[in-house]
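Colleague: For reference, the structure I am asking about is given below.
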Amino acid sequence: MSRSRDAEYCEYVAARVSSLRRLAAVLCDDRQRADDLVQATLTKLYVHWGRVREATHPDAYARTVLVREFTQERRSLWVKRVSLVGRVSDSPAAAVDHDAVLDLRAAVAALPARQRATLVLRFYCDLNVDQCAEVLGCSPGTVKSQTARALEAVRRALGPGHDAGPAGGNTTPTRSDRP
């Protein structure tokens, strides 16, 4: 598939994936199965993207594929045919410190817009420095400096009593820790 067709497909999926998820969730009444159903639908749409983009109503085409995938799954009893070997342990999820989450959100919200955007792109969207620079329209060096300043400001706002991450400690010395 050419780059322009891939770009069109990605643009379409980005705009429609939430409505497809809602439809699948209503059909399945199970979020995990709904996500599987949407994934199967998106795969079929990608394979047949030429037909989809030439269709009079691409959204109707996508909904049709999703519903047919759902009915085919129900007809084939896929869920019953799959047997898992071994048991999955039901271990409890890690405890979440809701106060720390609120403190972190407040610290990030207090950042200037550019620093906040840099943190979100780098750590929430998981973009690398060059991708962030492209999105923000600046140099990679600017992204690095904005990230460093933002992290330092968040650390200052949270103070010494907060954990710096899932490891429970800060492995990067702050400016005040340096000799």
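Lettering and numbering for the structure tokens are positional, with chains as A, B, ... in the shown order, residues counted from 1 in each chain, and ligands counted from 1 in the shown order.
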Tell me which protein, DNA and RNA residues are within 9 Å of segment 67-71 of chain A, counting only C-alpha atoms, leaving out same-chain ones fewer than 4 positions away, and put them as an NGL selection string.
Modeller: :A and (23-24 or 27-28 or 37-38 or 40-41 or 62-63 or 75-76)
Colleague: Write out as a PDB file with N, CA and C atoms, in the first residue's frame which residues come within 9 Å of Leu45 of chain A when counting only C-alpha atoms, dropping same-chain ones fewer than 3 positions away.
Modeller:
ATOM      1  N   TYR A   9      -5.958   5.904   5.278  1.00  0.00           N
ATOM      2  CA  TYR A   9      -6.509   4.883   6.167  1.00  0.00           C
ATOM      3  C   TYR A   9      -6.337   5.300   7.623  1.00  0.00           C
ATOM      4  N   ALA A  40     -10.452  -6.718  14.427  1.00  0.00           N
ATOM      5  CA  ALA A  40     -10.733  -7.545  13.251  1.00  0.00           C
ATOM      6  C   ALA A  40     -11.343  -6.691  12.137  1.00  0.00           C
ATOM      7  N   THR A  41     -12.216  -5.770  12.510  1.00  0.00           N
ATOM      8  CA  THR A  41     -12.842  -4.881  11.534  1.00  0.00           C
ATOM      9  C   THR A  41     -11.801  -3.982  10.880  1.00  0.00           C
ATOM     10  N   LEU A  42     -10.938  -3.400  11.670  1.00  0.00           N
ATOM     11  CA  LEU A  42      -9.915  -2.513  11.129  1.00  0.00           C
ATOM     12  C   LEU A  42      -8.955  -3.264  10.211  1.00  0.00           C
ATOM     13  N   HIS A  48      -9.010  -4.100   2.447  1.00  0.00           N
ATOM     14  CA  HIS A  48      -9.912  -3.687   1.366  1.00  0.00           C
ATOM     15  C   HIS A  48     -10.057  -2.171   1.289  1.00  0.00           C
ATOM     16  N   TRP A  49      -9.019  -1.437   1.637  1.00  0.00           N
ATOM     17  CA  TRP A  49      -9.120   0.015   1.719  1.00  0.00           C
ATOM     18  C   TRP A  49      -9.499   0.642   0.381  1.00  0.00           C
ATOM     19  N   GLY A  50      -9.076   0.085  -0.721  1.00  0.00           N
ATOM     20  CA  GLY A  50      -9.450   0.623  -2.034  1.00  0.00           C
ATOM     21  C   GLY A  50     -10.957   0.662  -2.208  1.00  0.00           C
ATOM     22  N   ARG A  51     -11.628  -0.421  -1.826  1.00  0.00           N
ATOM     23  CA  ARG A  51     -13.088  -0.475  -1.909  1.00  0.00           C
ATOM     24  C   ARG A  51     -13.737   0.489  -0.917  1.00  0.00           C
ATOM     25  N   VAL A  52     -13.174   0.551   0.277  1.00  0.00           N
ATOM     26  CA  VAL A  52     -13.777   1.384   1.327  1.00  0.00           C
ATOM     27  C   VAL A  52     -13.743   2.847   0.925  1.00  0.00           C
ATOM     28  N   TYR A  61     -20.071   1.227   5.334  1.00  0.00           N
ATOM     29  CA  TYR A  61     -19.262   0.064   4.966  1.00  0.00           C
ATOM     30  C   TYR A  61     -18.568  -0.492   6.204  1.00  0.00           C
ATOM     31  N   ALA A  62     -17.949   0.390   6.991  1.00  0.00           N
ATOM     32  CA  ALA A  62     -17.236  -0.041   8.196  1.00  0.00           C
ATOM     33  C   ALA A  62     -18.192  -0.655   9.208  1.00  0.00           C
ATOM     34  N   VAL A  65     -19.086  -4.139   8.049  1.00  0.00           N
ATOM     35  CA  VAL A  65     -18.004  -5.092   8.315  1.00  0.00           C
ATOM     36  C   VAL A  65     -18.001  -5.474   9.786  1.00  0.00           C
TER      37      VAL A  65
END
Colleague: Among segment 5-163 of chain A, which ones does DSSP assign to alpha helix (DSSP H) (computed from the backbone)? Answer as a ChimeraX atom specification.
Modeller: /A:5-28,31-47,49-54,58-76,78-81,98-109,113-119,129-136,140-158
Colleague: Quick check, in Å to one decimal: how far apart do atom CA of Tyr46 of chain A and atom CA of Val26 of chain A lie?
Modeller: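 Interatomic distance, atom CA of Tyr46 of chain A to atom CA of Val26 of chain A: 23.2 Å.
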Colleague: Near Ala148 of chain A, counting only C-alpha atoms, which residues have an atom at most 10 Å away, once you skip same-chain residues fewer than 4 positions from it, shown as a list of chain:residue names?
Modeller: A:Gln115, A:Thr118, A:Leu119, A:Thr142, A:Val143, A:Lys144, A:Glu152, A:Ala153, A:Val154, A:Thr174
Colleague: Would you output that residue set with N, CA, C and O atoms, as an mmCIF file, in the first residue's frame?
Modeller:
data_model
loop_
_atom_site.group_PDB
_atom_site.id
_atom_site.type_symbol
_atom_site.label_atom_id
_atom_site.label_comp_id
_atom_site.auth_asym_id
_atom_site.auth_seq_id
_atom_site.Cartn_x
_atom_site.Cartn_y
_atom_site.Cartn_z
ATOM 1 N N GLN A 115 5.639 23.406 27.848
ATOM 2 C CA GLN A 115 6.234 22.346 28.668
ATOM 3 C C GLN A 115 5.234 21.217 28.895
ATOM 4 O O GLN A 115 5.588 20.037 28.846
ATOM 5 N N THR A 118 4.972 19.208 25.784
ATOM 6 C CA THR A 118 6.169 18.378 25.618
ATOM 7 C C THR A 118 6.081 17.124 26.474
ATOM 8 O O THR A 118 6.349 16.014 26.008
ATOM 9 N N LEU A 119 5.682 17.269 27.742
ATOM 10 C CA LEU A 119 5.550 16.090 28.615
ATOM 11 C C LEU A 119 4.483 15.131 28.102
ATOM 12 O O LEU A 119 4.678 13.916 28.101
ATOM 13 N N THR A 142 15.267 21.951 21.649
ATOM 14 C CA THR A 142 14.217 22.650 22.393
ATOM 15 C C THR A 142 13.329 21.647 23.121
ATOM 16 O O THR A 142 12.940 21.874 24.271
ATOM 17 N N VAL A 143 13.015 20.541 22.462
ATOM 18 C CA VAL A 143 12.199 19.501 23.109
ATOM 19 C C VAL A 143 12.919 18.978 24.342
ATOM 20 O O VAL A 143 12.316 18.833 25.414
ATOM 21 N N LYS A 144 14.212 18.718 24.209
ATOM 22 C CA LYS A 144 14.984 18.199 25.345
ATOM 23 C C LYS A 144 15.012 19.191 26.496
ATOM 24 O O LYS A 144 14.807 18.817 27.662
ATOM 25 N N GLU A 152 11.701 19.070 36.004
ATOM 26 C CA GLU A 152 12.230 19.725 37.205
ATOM 27 C C GLU A 152 11.119 20.489 37.934
ATOM 28 O O GLU A 152 11.007 20.418 39.158
ATOM 29 N N ALA A 153 10.270 21.183 37.192
ATOM 30 C CA ALA A 153 9.166 21.923 37.803
ATOM 31 C C ALA A 153 8.176 20.980 38.482
ATOM 32 O O ALA A 153 7.685 21.268 39.578
ATOM 33 N N VAL A 154 7.902 19.841 37.853
ATOM 34 C CA VAL A 154 6.980 18.867 38.451
ATOM 35 C C VAL A 154 7.589 18.290 39.726
ATOM 36 O O VAL A 154 6.902 18.163 40.748
ATOM 37 N N THR A 174 18.299 15.764 40.859
ATOM 38 C CA THR A 174 17.838 17.094 40.487
ATOM 39 C C THR A 174 18.978 18.075 40.695
ATOM 40 O O THR A 174 20.001 17.755 41.256
#
